[in-house]
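File shown: data-v3.pdb. Contents: PDB, C-alpha atoms and all ligand atoms.
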```pdb
ATOM      1  CA  MET A 975      14.452 -10.548 -11.255
ATOM      2  CA  SER A 976      15.486  -9.107 -14.625
ATOM      3  CA  THR A 977      14.954  -5.418 -15.346
ATOM      4  CA  PRO A 978      12.081  -4.785 -17.792
ATOM      5  CA  ARG A 979      12.823  -3.552 -21.305
ATOM      6  CA  PRO A 980      10.498  -1.668 -23.673
ATOM      7  CA  LEU A 981       9.418  -3.378 -26.874
ATOM      8  CA  PRO A 982      11.750  -1.936 -29.526
ATOM      9  CA  HIS A 983      10.346  -0.402 -32.711
ATOM     10  CA  ALA A 984      11.818   1.516 -35.620
ATOM     11  CA  MET A 985      11.725   4.844 -33.737
ATOM     12  CA  SER A 986      13.030   3.608 -30.371
ATOM     13  CA  PRO A 987      15.970   5.482 -28.876
ATOM     14  CA  MET A 988      18.461   2.701 -28.151
ATOM     15  CA  PRO A 989      20.578   3.052 -24.993
ATOM     16  CA  ASN A 990      24.116   1.729 -25.283
ATOM     17  CA  PHE A 991      25.515  -0.729 -22.752
ATOM     18  CA  GLU A 992      26.590   1.904 -20.215
ATOM     19  CA  GLU A 993      23.405   3.954 -20.540
ATOM     20  CA  GLN A 994      21.329   0.806 -20.106
ATOM     21  CA  ALA A 995      23.201  -0.036 -16.906
ATOM     22  CA  LEU A 996      22.421   3.458 -15.579
ATOM     23  CA  LEU A 997      18.752   3.139 -16.554
ATOM     24  CA  ASP A 998      18.578  -0.253 -14.841
ATOM     25  CA  PHE A 999      20.016   1.395 -11.751
ATOM     26  CA  ALA A1000      17.381   4.171 -11.961
ATOM     27  CA  ILE A1001      14.612   1.540 -12.033
ATOM     28  CA  ALA A1002      16.185  -0.438  -9.175
ATOM     29  CA  LEU A1003      16.594   2.687  -7.031
ATOM     30  CA  LYS A1004      12.999   3.725  -7.638
ATOM     31  CA  GLY A1005      11.827   0.200  -6.802
ATOM     32  CA  HIS A1006      13.655   0.446  -3.517
ATOM     33  CA  LEU A1007      12.293   3.911  -2.750
ATOM     34  CA  ARG A1008       8.751   2.874  -3.569
ATOM     35  CA  GLY A1009       9.034  -0.541  -1.911
ATOM     36  CA  PRO A1010      10.826  -1.177   1.368
ATOM     37  CA  LEU A1011      11.715   2.434   2.109
ATOM     38  CA  ARG A1012       8.197   3.760   1.590
ATOM     39  CA  SER A1013       6.726   0.850   3.567
ATOM     40  CA  ALA A1014       8.747   2.036   6.554
ATOM     41  CA  LEU A1015       7.241   5.542   6.491
ATOM     42  CA  PRO A1016       4.007   4.771   8.423
ATOM     43  CA  GLU A1017       6.167   3.529  11.275
ATOM     44  CA  VAL A1018       8.383   6.607  11.054
ATOM     45  CA  TYR A1019       5.226   8.707  11.258
ATOM     46  CA  GLU A1020       3.597   6.807  14.137
ATOM     47  CA  HIS A1021       6.650   6.450  16.316
ATOM     48  CA  ARG A1022       8.628   9.610  15.593
ATOM     49  CA  ALA A1023       7.047  12.289  13.421
ATOM     50  CA  ALA A1024       3.556  12.434  14.980
ATOM     51  CA  PRO A1025       4.775  12.288  18.615
ATOM     52  CA  ALA A1026       7.352  15.045  17.908
ATOM     53  CA  TRP A1027       4.656  17.204  16.331
ATOM     54  CA  GLN A1028       2.303  16.522  19.244
ATOM     55  CA  GLU A1029       4.924  17.618  21.707
ATOM     56  CA  LYS A1030       5.249  20.937  19.895
ATOM     57  CA  HIS A1031       1.531  21.596  19.248
ATOM     58  CA  GLY A1032      -0.235  19.785  22.115
ATOM     59  CA  ARG A1033      -2.220  17.551  19.723
ATOM     60  CA  ARG A1034      -1.694  15.084  16.919
ATOM     61  CA  PRO A1035      -1.647  16.324  13.309
ATOM     62  CA  GLN A1036      -5.198  16.577  12.014
ATOM     63  CA  SER A1037      -5.037  17.456   8.335
ATOM     64  CA  TRP A1038      -2.907  16.159   5.478
ATOM     65  CA  THR A1039      -0.908  19.383   5.495
ATOM     66  CA  GLU A1040      -0.144  18.914   9.196
ATOM     67  CA  VAL A1041       0.839  15.296   8.545
ATOM     68  CA  GLY A1042       3.139  16.619   5.789
ATOM     69  CA  ASP A1043       4.606  19.219   8.139
ATOM     70  CA  ALA A1044       5.205  16.578  10.807
ATOM     71  CA  LEU A1045       6.908  14.209   8.352
ATOM     72  CA  GLY A1046       8.877  17.087   6.840
ATOM     73  CA  GLU A1047      10.697  17.485  10.150
ATOM     74  CA  ASP A1048      11.813  13.852  10.208
ATOM     75  CA  LYS A1049      15.263  12.942   8.861
ATOM     76  CA  ALA A1050      14.231   9.555   7.440
ATOM     77  CA  TYR A1051      11.351  11.117   5.522
ATOM     78  CA  ARG A1052      13.571  13.951   4.284
ATOM     79  CA  TRP A1053      16.147  11.451   3.020
ATOM     80  CA  TRP A1054      13.454   9.412   1.289
ATOM     81  CA  SER A1055      12.005  12.522  -0.310
ATOM     82  CA  ALA A1056      15.404  13.896  -1.394
ATOM     83  CA  LEU A1057      16.374  10.549  -2.911
ATOM     84  CA  GLY A1058      13.093  10.519  -4.847
ATOM     85  CA  ARG A1059      13.948  13.906  -6.324
ATOM     86  CA  ALA A1060      17.511  12.789  -7.064
ATOM     87  CA  GLN A1061      16.195   9.663  -8.810
ATOM     88  CA  GLN A1062      13.885  11.808 -10.955
ATOM     89  CA  GLU A1063      16.741  14.077 -12.020
ATOM     90  CA  PHE A1064      19.043  11.087 -12.563
ATOM     91  CA  TYR A1065      16.718   9.170 -14.890
ATOM     92  CA  LEU A1066      15.945  12.392 -16.771
ATOM     93  CA  ASP A1067      19.659  13.039 -17.296
ATOM     94  CA  ILE A1068      20.220   9.552 -18.683
ATOM     95  CA  THR A1069      17.145   9.418 -20.926
ATOM     96  CA  SER A1070      18.000  12.938 -22.161
ATOM     97  CA  ALA A1071      21.582  11.896 -22.952
ATOM     98  CA  VAL A1072      20.466   8.753 -24.807
ATOM     99  CA  CYS A1073      18.146  10.788 -27.037
ATOM    100  CA  GLU A1074      20.737  13.528 -27.512
ATOM    101  CA  ARG A1075      23.290  10.964 -28.729
ATOM    102  CA  GLU A1076      20.697   9.261 -30.933
ATOM    103  CA  LEU A1077      19.121  12.466 -32.280
ATOM    104  CA  PRO A1078      20.656  12.489 -35.801
ATOM    105  CA  SER A1079      19.581   8.880 -36.278
ATOM    106  CA  LEU A1080      16.126   9.552 -34.788
ATOM    107  CA  ILE A1081      15.548  12.483 -37.162
ATOM    108  CA  GLU A1082      16.763  10.369 -40.062
ATOM    109  CA  ARG A1083      14.377   7.569 -39.085
ATOM    110  CA  TYR A1084      11.493  10.057 -38.733
ATOM    111  CA  ARG A1085      12.187  11.485 -42.196
ATOM    112  CA  THR A1086      12.449   8.047 -43.784
ATOM    113  CA  ILE A1087       9.159   6.924 -42.257
ATOM    114  CA  ALA A1088       7.328  10.201 -42.948
ATOM    115  CA  GLY A1089       8.583  10.246 -46.541
ATOM    116  CA  GLY A1090       7.570   6.638 -47.174
ATOM    117  CA  ASP A1091       4.304   4.881 -47.773
ATOM    118  CA  VAL A1092       2.354   5.996 -44.700
ATOM    119  CA  LYS A1093      -1.043   4.998 -43.350
ATOM    120  CA  GLY A1094      -1.710   8.116 -41.265
ATOM    121  CA  SER A1095      -0.867  11.801 -41.465
ATOM    122  CA  ILE A1096       0.416  14.698 -39.402
ATOM    123  CA  THR A1097      -0.491  18.391 -39.504
ATOM    124  CA  LEU A1098       1.644  20.904 -37.635
ATOM    125  CA  ASP A1099       1.027  24.611 -37.244
ATOM    126  CA  PRO A1100       4.216  26.597 -36.519
ATOM    127  CA  ASN A1101       2.147  29.573 -35.370
ATOM    128  CA  ILE A1102       0.662  27.986 -32.265
ATOM    129  CA  THR A1103       1.306  29.986 -29.106
ATOM    130  CA  LEU A1104       1.943  27.854 -26.070
ATOM    131  CA  PRO A1105      -0.166  28.690 -23.018
ATOM    132  CA  PRO A1106       1.884  30.109 -20.110
ATOM    133  CA  TYR A1107       1.187  27.062 -17.919
ATOM    134  CA  GLN A1108       3.143  25.021 -20.461
ATOM    135  CA  ARG A1109       5.625  27.656 -21.654
ATOM    136  CA  GLU A1110       6.973  28.779 -18.308
ATOM    137  CA  VAL A1111       7.555  25.448 -16.570
ATOM    138  CA  ASP A1112       9.931  22.567 -17.237
ATOM    139  CA  ILE A1113       7.211  19.986 -16.664
ATOM    140  CA  HIS A1114       8.430  16.873 -14.793
ATOM    141  CA  CYS A1115      11.877  18.648 -14.647
ATOM    142  CA  VAL A1116      12.436  17.928 -18.364
ATOM    143  CA  PRO A1117      14.511  20.730 -19.901
ATOM    144  CA  GLY A1118      12.209  22.536 -22.340
ATOM    145  CA  SER A1119       9.295  20.398 -21.222
ATOM    146  CA  TYR A1120       7.524  18.824 -24.224
ATOM    147  CA  PHE A1121       8.453  21.658 -26.538
ATOM    148  CA  LEU A1122      12.228  21.901 -26.959
ATOM    149  CA  GLU A1123      13.066  22.263 -30.657
ATOM    150  CA  ARG A1124      16.658  22.965 -31.635
ATOM    151  CA  THR A1125      16.757  21.743 -35.188
ATOM    152  CA  GLU A1126      14.551  20.992 -38.141
ATOM    153  CA  ASP A1127      12.290  17.965 -37.672
ATOM    154  CA  ASP A1128      13.374  17.712 -34.035
ATOM    155  CA  VAL A1129      11.964  14.642 -32.290
ATOM    156  CA  TRP A1130      14.107  14.762 -29.137
ATOM    157  CA  ALA A1131      11.285  15.641 -26.733
ATOM    158  CA  GLY A1132       9.101  12.861 -28.114
ATOM    159  CA  ALA A1133      11.824  10.215 -28.058
ATOM    160  CA  ARG A1134      12.805  11.183 -24.525
ATOM    161  CA  SER A1135       9.202  11.023 -23.431
ATOM    162  CA  ASP A1136       8.775   7.524 -24.893
ATOM    163  CA  LEU A1137      11.907   6.110 -23.260
ATOM    164  CA  GLY A1138      11.340   8.203 -20.125
ATOM    165  CA  SER A1139       7.764   7.000 -19.626
ATOM    166  CA  PHE A1140       8.981   3.420 -19.593
ATOM    167  CA  ILE A1141      11.752   4.098 -17.083
ATOM    168  CA  PHE A1142       9.508   6.341 -14.946
ATOM    169  CA  SER A1143       6.857   3.628 -14.688
ATOM    170  CA  MET A1144       9.550   0.964 -14.153
ATOM    171  CA  GLY A1145       8.079  -0.951 -17.090
ATOM    172  CA  LYS A1146       4.861  -1.503 -15.169
ATOM    173  CA  HIS A1147       2.688   0.153 -17.835
ATOM    174  CA  GLY A1148       3.461  -2.478 -20.463
ATOM    175  CA  ALA A1149       6.222  -3.005 -23.003
ATOM    176  CA  LEU A1150       4.715  -0.213 -25.123
ATOM    177  CA  ASN A1151       3.468   1.861 -22.169
ATOM    178  CA  GLU A1152       0.032   1.103 -23.479
ATOM    179  CA  ASP A1153      -1.943   0.169 -20.361
ATOM    180  CA  LYS A1154      -3.895   3.446 -20.117
ATOM    181  CA  GLY A1155      -5.220   3.206 -23.649
ATOM    182  CA  LEU A1156      -5.985  -0.496 -23.186
ATOM    183  CA  ALA A1157      -7.871   0.241 -19.970
ATOM    184  CA  GLY A1158      -9.730   3.198 -21.546
ATOM    185  CA  ALA A1159     -10.832   1.187 -24.568
ATOM    186  CA  ALA A1160     -11.861  -1.781 -22.403
ATOM    187  CA  TYR A1161     -13.878   0.543 -20.161
ATOM    188  CA  VAL A1162     -15.734   2.073 -23.110
ATOM    189  CA  LYS A1163     -16.499  -1.347 -24.584
ATOM    190  CA  ALA A1164     -17.738  -2.720 -21.274
ATOM    191  CA  ASN A1165     -19.846   0.294 -20.299
ATOM    192  CA  PHE A1166     -21.050   1.568 -23.669
ATOM    193  CA  PRO A1167     -21.441  -1.596 -25.744
ATOM    194  CA  ASP A1168     -23.776   0.125 -28.225
ATOM    195  CA  LEU A1169     -21.621   3.188 -28.793
ATOM    196  CA  LYS A1170     -20.692   3.531 -32.449
ATOM    197  CA  VAL A1171     -17.126   4.740 -32.222
ATOM    198  CA  ARG A1172     -16.355   6.436 -35.512
ATOM    199  CA  ARG A1173     -13.776   8.999 -34.475
ATOM    200  CA  VAL A1174     -11.560   8.837 -31.421
ATOM    201  CA  LEU A1175      -9.765  11.925 -30.247
ATOM    202  CA  ASP A1176      -6.929  11.550 -27.748
ATOM    203  CA  LEU A1177      -6.385  14.961 -26.207
ATOM    204  CA  GLY A1178      -2.809  15.542 -25.028
ATOM    205  CA  CYS A1179      -1.557  12.409 -26.782
ATOM    206  CA  THR A1180       2.181  13.258 -26.504
ATOM    207  CA  VAL A1181       3.789  10.282 -28.322
ATOM    208  CA  GLY A1182       0.613   8.237 -28.678
ATOM    209  CA  LEU A1183       1.203   5.728 -25.871
ATOM    210  CA  SER A1184      -2.445   5.871 -24.860
ATOM    211  CA  THR A1185      -3.691   6.566 -28.398
ATOM    212  CA  LEU A1186      -2.659   3.455 -30.297
ATOM    213  CA  PRO A1187      -4.667   0.905 -28.277
ATOM    214  CA  TYR A1188      -7.795   2.639 -29.623
ATOM    215  CA  CYS A1189      -6.718   1.748 -33.188
ATOM    216  CA  GLU A1190      -6.828  -1.899 -32.253
ATOM    217  CA  ALA A1191      -9.943  -1.714 -30.079
ATOM    218  CA  PHE A1192     -11.962   0.167 -32.719
ATOM    219  CA  PRO A1193     -10.460  -0.845 -36.076
ATOM    220  CA  GLU A1194     -13.222   0.919 -38.031
ATOM    221  CA  ALA A1195     -12.671   4.255 -36.290
ATOM    222  CA  GLU A1196     -10.441   7.143 -37.304
ATOM    223  CA  VAL A1197      -8.036   7.827 -34.453
ATOM    224  CA  TYR A1198      -6.727  11.341 -33.901
ATOM    225  CA  GLY A1199      -3.973  12.440 -31.585
ATOM    226  CA  LEU A1200      -3.932  16.064 -30.468
ATOM    227  CA  ASP A1201      -1.169  17.887 -28.715
ATOM    228  CA  LEU A1202       0.655  21.188 -28.395
ATOM    229  CA  SER A1203       4.077  19.591 -28.811
ATOM    230  CA  ALA A1204       5.371  19.376 -32.381
ATOM    231  CA  PRO A1205       8.412  17.192 -31.504
ATOM    232  CA  SER A1206       6.140  14.758 -29.681
ATOM    233  CA  LEU A1207       3.689  14.646 -32.560
ATOM    234  CA  ARG A1208       6.429  13.977 -35.123
ATOM    235  CA  TYR A1209       7.658  11.131 -32.970
ATOM    236  CA  ALA A1210       4.097   9.901 -32.300
ATOM    237  CA  PHE A1211       3.331   9.828 -35.999
ATOM    238  CA  ALA A1212       6.490   7.900 -36.898
ATOM    239  CA  ARG A1213       6.053   5.569 -33.909
ATOM    240  CA  ALA A1214       2.484   4.771 -34.981
ATOM    241  CA  GLU A1215       3.695   4.005 -38.487
ATOM    242  CA  ALA A1216       6.572   1.920 -37.121
ATOM    243  CA  LEU A1217       4.054  -0.120 -35.150
ATOM    244  CA  GLY A1218       1.790  -0.480 -38.186
ATOM    245  CA  LYS A1219      -1.013   1.716 -36.795
ATOM    246  CA  LYS A1220      -2.927   4.379 -38.642
ATOM    247  CA  CYS A1221      -3.113   7.585 -36.654
ATOM    248  CA  ILE A1222      -4.432  10.756 -38.230
ATOM    249  CA  GLY A1223      -3.244  14.291 -37.615
ATOM    250  CA  ARG A1224      -6.499  16.165 -37.785
ATOM    251  CA  LYS A1225      -6.848  19.060 -40.207
ATOM    252  CA  ALA A1226      -8.038  22.348 -38.749
ATOM    253  CA  THR A1227     -11.751  22.846 -38.483
ATOM    254  CA  PRO A1228     -12.090  26.303 -36.964
ATOM    255  CA  ARG A1229     -14.507  26.992 -34.143
ATOM    256  CA  LYS A1230     -15.886  23.533 -33.630
ATOM    257  CA  PRO A1231     -16.286  22.328 -30.047
ATOM    258  CA  ILE A1232     -14.437  19.090 -29.438
ATOM    259  CA  SER A1233     -17.612  17.302 -28.358
ATOM    260  CA  ARG A1234     -18.630  17.482 -32.029
ATOM    261  CA  MET A1235     -15.245  16.365 -33.321
ATOM    262  CA  ALA A1236     -15.365  12.781 -32.140
ATOM    263  CA  SER A1237     -17.699  10.114 -30.857
ATOM    264  CA  LEU A1238     -15.116   9.240 -28.220
ATOM    265  CA  ILE A1239     -12.822  11.756 -26.548
ATOM    266  CA  SER A1240     -10.094  10.319 -24.392
ATOM    267  CA  SER A1241      -7.396  12.006 -22.354
ATOM    268  CA  PHE A1242      -4.806  10.583 -19.984
ATOM    269  CA  ARG A1243      -2.449  12.480 -17.708
ATOM    270  CA  THR A1244      -3.142  15.759 -19.463
ATOM    271  CA  PHE A1245      -5.446  17.712 -17.191
ATOM    272  CA  CYS A1246      -3.070  16.989 -14.315
ATOM    273  CA  CYS A1247      -0.655  19.309 -16.146
ATOM    274  CA  THR A1248      -3.218  22.085 -16.608
ATOM    275  CA  LYS A1249      -5.185  24.370 -14.310
ATOM    276  CA  PRO A1250      -8.949  24.119 -13.631
ATOM    277  CA  HIS A1251      -9.780  27.162 -15.737
ATOM    278  CA  THR A1252      -7.604  25.773 -18.538
ATOM    279  CA  THR A1253      -9.358  22.425 -18.293
ATOM    280  CA  ARG A1254     -12.674  24.168 -18.780
ATOM    281  CA  SER A1255     -11.466  26.247 -21.699
ATOM    282  CA  THR A1256      -9.659  23.291 -23.265
ATOM    283  CA  THR A1257     -12.869  21.348 -23.368
ATOM    284  CA  SER A1258     -15.181  24.172 -24.393
ATOM    285  CA  SER A1259     -13.358  27.036 -26.082
ATOM    286  CA  PRO A1260     -12.609  26.383 -29.726
ATOM    287  CA  ASN A1261      -9.381  28.364 -29.634
ATOM    288  CA  ALA A1262      -7.822  26.363 -26.836
ATOM    289  CA  ILE A1263      -7.920  23.049 -28.611
ATOM    290  CA  VAL A1264      -4.963  22.042 -30.642
ATOM    291  CA  CYS A1265      -4.883  19.290 -33.180
ATOM    292  CA  CYS A1266      -1.433  18.039 -34.037
ATOM    293  CA  GLY A1267      -0.091  21.465 -33.251
ATOM    294  CA  ARG A1268      -2.971  23.275 -34.910
ATOM    295  CA  ALA A1269      -5.806  25.187 -33.295
ATOM    296  CA  VAL A1270      -9.267  23.903 -34.115
TER     297      VAL A1270
HETATM  298  C1  LIG A1301       1.583  13.993 -19.365
HETATM  299  S1  LIG A1301       1.418  14.280 -21.058
HETATM  300  C2  LIG A1301       0.148  13.156 -21.581
HETATM  301  C3  LIG A1301       0.649  11.797 -21.902
HETATM  302  C4  LIG A1301      -0.262  10.882 -22.688
HETATM  303  N1  LIG A1301      -1.663  11.250 -22.674
HETATM  304  C5  LIG A1301      -0.080   9.484 -22.106
HETATM  305  O1  LIG A1301      -0.872   9.092 -21.263
HETATM  306  O2  LIG A1301       0.900   8.838 -22.474
HETATM  307  C6  LIG A1301       0.519  15.823 -21.221
HETATM  308  C7  LIG A1301       0.418  16.302 -22.671
HETATM  309  O3  LIG A1301      -0.639  17.265 -22.754
HETATM  310  C8  LIG A1301      -0.296  18.220 -23.735
HETATM  311  N2  LIG A1301      -1.175  19.400 -23.561
HETATM  312  C9  LIG A1301      -1.262  20.216 -22.499
HETATM  313  N3  LIG A1301      -2.186  21.190 -22.714
HETATM  314  C10 LIG A1301      -2.710  20.958 -23.965
HETATM  315  C11 LIG A1301      -3.705  21.615 -24.788
HETATM  316  N4  LIG A1301      -4.340  22.707 -24.368
HETATM  317  N5  LIG A1301      -3.977  21.110 -26.022
HETATM  318  C12 LIG A1301      -3.314  19.990 -26.448
HETATM  319  N6  LIG A1301      -2.374  19.333 -25.730
HETATM  320  C13 LIG A1301      -2.070  19.813 -24.501
HETATM  321  C14 LIG A1301       1.199  18.439 -23.489
HETATM  322  O4  LIG A1301       1.853  18.995 -24.600
HETATM  323  C15 LIG A1301       1.673  17.009 -23.175
HETATM  324  O5  LIG A1301       2.149  16.366 -24.328
END
```

Can the structure from this file be put into structure tokens for me?
Amino acid sequence: MSTPRPLPHAMSPMPNFEEQALLDFAIALKGHLRGPLRSALPEVYEHRAAPAWQEKHGRRPQSWTEVGDALGEDKAYRWWSALGRAQQEFYLDITSAVCERELPSLIERYRTIAGGDVKGSITLDPNITLPPYQREVDIHCVPGSYFLERTEDDVWAGARSDLGSFIFSMGKHGALNEDKGLAGAAYVKANFPDLKVRRVLDLGCTVGLSTLPYCEAFPEAEVYGLDLSAPSLRYAFARAEALGKKCIGRKATPRKPISRMASLISSFRTFCCTKPHTTRSTTSSPNAIVCCGRAV
């Protein structure tokens, strides 16, 4: 079976031959870890981990934490787990290196697109303060998380996220990593057929993977992508233009709850990176919402 490839566009970071071979290996290794090796774990648990735990504690594990503790003692599980971590670090190293090598060209491409005849817009606020839950952690082990900026018009974090999302999902989320947005739009259409969708707001859009399908699903609507990450938003904006989609960076409208900003608010894989109290404040407090790097 051939290894999947993302659909190239004018902003795509392009791996060279050697980098591509390493990325193919990362996908193959993950496929193996998630396929045959993971399928063997129930047997490892039933025949080794649970009996060993029972011998120590006089009963079988009863909660998920006890199951975890039991498996954590087993060599096969520890190898599987360690290889999973190694695979994560490996694919991050390669995708990071590709985007590092391509950075001058990526910035050039961003500037050419942004300075040309654009459909959408982008608004960035340099004064945004990142919340500690984002600032203090290298999310997904990415150096600098979504926020690393080392030069003017930096798009590294966005480009890495685009390429990285494809490799991470082993190409299973579509050639443009668009399956979440497609599923979200299809769900809204099926369940709210009378909803007049005038403005869509994708909260935590990163590079717009889940945002752009809404442009197609609701061609009359204005589609906004919001995020805290300026390098992701620059990339998202140029990527949308490269793919011929109009995506709007929303201008600041101070102290307006997001429920009044859009007829459809969508968010994928964002609240998993926040804390419950942040989730509440992000969806209710006007100061916690950021639109294309700008508080609204
Ligand atoms: C895992 S990514 C989301 C990916 C994207 N939704 C997708 O499915 O492709 C999480 C994003 O949420 C953003 N984020 C986290 N807290 C935020 C906040 N309070 N306001 C805006 N964006 C936020 C991060 O900067 C990051 O880009």

Answer key for the PyMOL selection byres (((chain A and resi 1203) around 12) and not hetatm), residues as a PyMOL selection string: chain A and resi 1097-1100+1102-1105+1108-1109+1118-1123+1128-1132+1135+1177-1182+1199-1202+1204-1210+1264-1268

Residue members of the PyMOL selection byres (((chain A and resi 1023) around 6) and not hetatm) in the file shown, as an MDAnalysis selection string: chainID A and resid 1019 1022 1024:1026 1044:1045 1048

Selection: 7 Å around Asp1176 in chain A, only C-alpha atoms, excl. self and same-chain fewer than 4 positions, as an MDAnalysis selection string: chainID A and resid 1185 1198:1200 1239:1241

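Going from CA of Val1162 in chain A to CA of Tyr1188 in chain A covers 10.3 Å.
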
Between CA of Ala1060 in chain A and CA of Asp1136 in chain A, distance in Å (one decimal): 20.5 Å

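Among the candidates A:Pro987, A:Pro1193, A:Gly1148, A:Gly1032, the one nearest to ligand LIG 1301 (chain A) when counting only C-alpha atoms and all ligand atoms is A:Gly1148.
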
Selection result for the PyMOL selection byres (((chain A and resi 1142) around 9) and not hetatm) on this file, as a list in words: Ala1000, Ile1001, Lys1004, Gln1062, Tyr1065, Leu1137, Gly1138, Ser1139, Phe1140, Ile1141, Ser1143, Met1144 and Gly1145 of chain A

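Note that CA of Leu1015 in chain A and CA of Thr977 in chain A are 25.6 Å apart.
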
Up to 10 Å from (-10.3, 6.3, -33.3) in the file's coordinates: name the residues, counting only C-alpha atoms, as a tab-separated table (two decimals) with C-alpha atoms, keeping the file's coordinate frame.
```tsv
chain	number	residue	atom	x	y	z
A	1171	VAL	CA	-17.13	4.74	-32.22
A	1172	ARG	CA	-16.36	6.44	-35.51
A	1173	ARG	CA	-13.78	9.00	-34.48
A	1174	VAL	CA	-11.56	8.84	-31.42
A	1175	LEU	CA	-9.76	11.92	-30.25
A	1176	ASP	CA	-6.93	11.55	-27.75
A	1185	THR	CA	-3.69	6.57	-28.40
A	1186	LEU	CA	-2.66	3.46	-30.30
A	1187	PRO	CA	-4.67	0.90	-28.28
A	1188	TYR	CA	-7.80	2.64	-29.62
A	1189	CYS	CA	-6.72	1.75	-33.19
A	1190	GLU	CA	-6.83	-1.90	-32.25
A	1191	ALA	CA	-9.94	-1.71	-30.08
A	1192	PHE	CA	-11.96	0.17	-32.72
A	1193	PRO	CA	-10.46	-0.84	-36.08
A	1194	GLU	CA	-13.22	0.92	-38.03
A	1195	ALA	CA	-12.67	4.26	-36.29
A	1196	GLU	CA	-10.44	7.14	-37.30
A	1197	VAL	CA	-8.04	7.83	-34.45
A	1198	TYR	CA	-6.73	11.34	-33.90
A	1199	GLY	CA	-3.97	12.44	-31.58
A	1220	LYS	CA	-2.93	4.38	-38.64
A	1221	CYS	CA	-3.11	7.58	-36.65
A	1222	ILE	CA	-4.43	10.76	-38.23
A	1236	ALA	CA	-15.36	12.78	-32.14
A	1237	SER	CA	-17.70	10.11	-30.86
A	1238	LEU	CA	-15.12	9.24	-28.22
A	1239	ILE	CA	-12.82	11.76	-26.55
A	1240	SER	CA	-10.09	10.32	-24.39
```

Long-range neighbours of Met988 in chain A as a PyMOL selection string, 9 Å cut-off, all atoms listed in the file, 4 positions minimum in chain: chain A and resi 982+994+1072-1073+1076+1137

Box dimensions and centre (Å, one decimal) enclosing range 979-984 of chain A, axis-aligned, 5 Å extra per side, as JSON:
```
{"center_x": 11.1, "center_y": -1.0, "center_z": -28.5, "size_x": 13.4, "size_y": 15.1, "size_z": 24.3}
```

Contacts of Leu1057 in chain A at 12 Å (only C-alpha atoms; same-chain gap of 3+ positions) as a PyMOL selection string: chain A and resi 1000+1003-1008+1011-1012+1050-1054+1060-1064

Print the selection's residues with C-alpha atoms to a file, as a CSV table (one decimal), in the coordinates of the input.
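That gives us part-v2.csv:
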```
chain,number,residue,atom,x,y,z
A,1000,ALA,CA,17.4,4.2,-12.0
A,1003,LEU,CA,16.6,2.7,-7.0
A,1004,LYS,CA,13.0,3.7,-7.6
A,1005,GLY,CA,11.8,0.2,-6.8
A,1006,HIS,CA,13.7,0.4,-3.5
A,1007,LEU,CA,12.3,3.9,-2.8
A,1008,ARG,CA,8.8,2.9,-3.6
A,1011,LEU,CA,11.7,2.4,2.1
A,1012,ARG,CA,8.2,3.8,1.6
A,1050,ALA,CA,14.2,9.6,7.4
A,1051,TYR,CA,11.4,11.1,5.5
A,1052,ARG,CA,13.6,14.0,4.3
A,1053,TRP,CA,16.1,11.5,3.0
A,1054,TRP,CA,13.5,9.4,1.3
A,1060,ALA,CA,17.5,12.8,-7.1
A,1061,GLN,CA,16.2,9.7,-8.8
A,1062,GLN,CA,13.9,11.8,-11.0
A,1063,GLU,CA,16.7,14.1,-12.0
A,1064,PHE,CA,19.0,11.1,-12.6
```
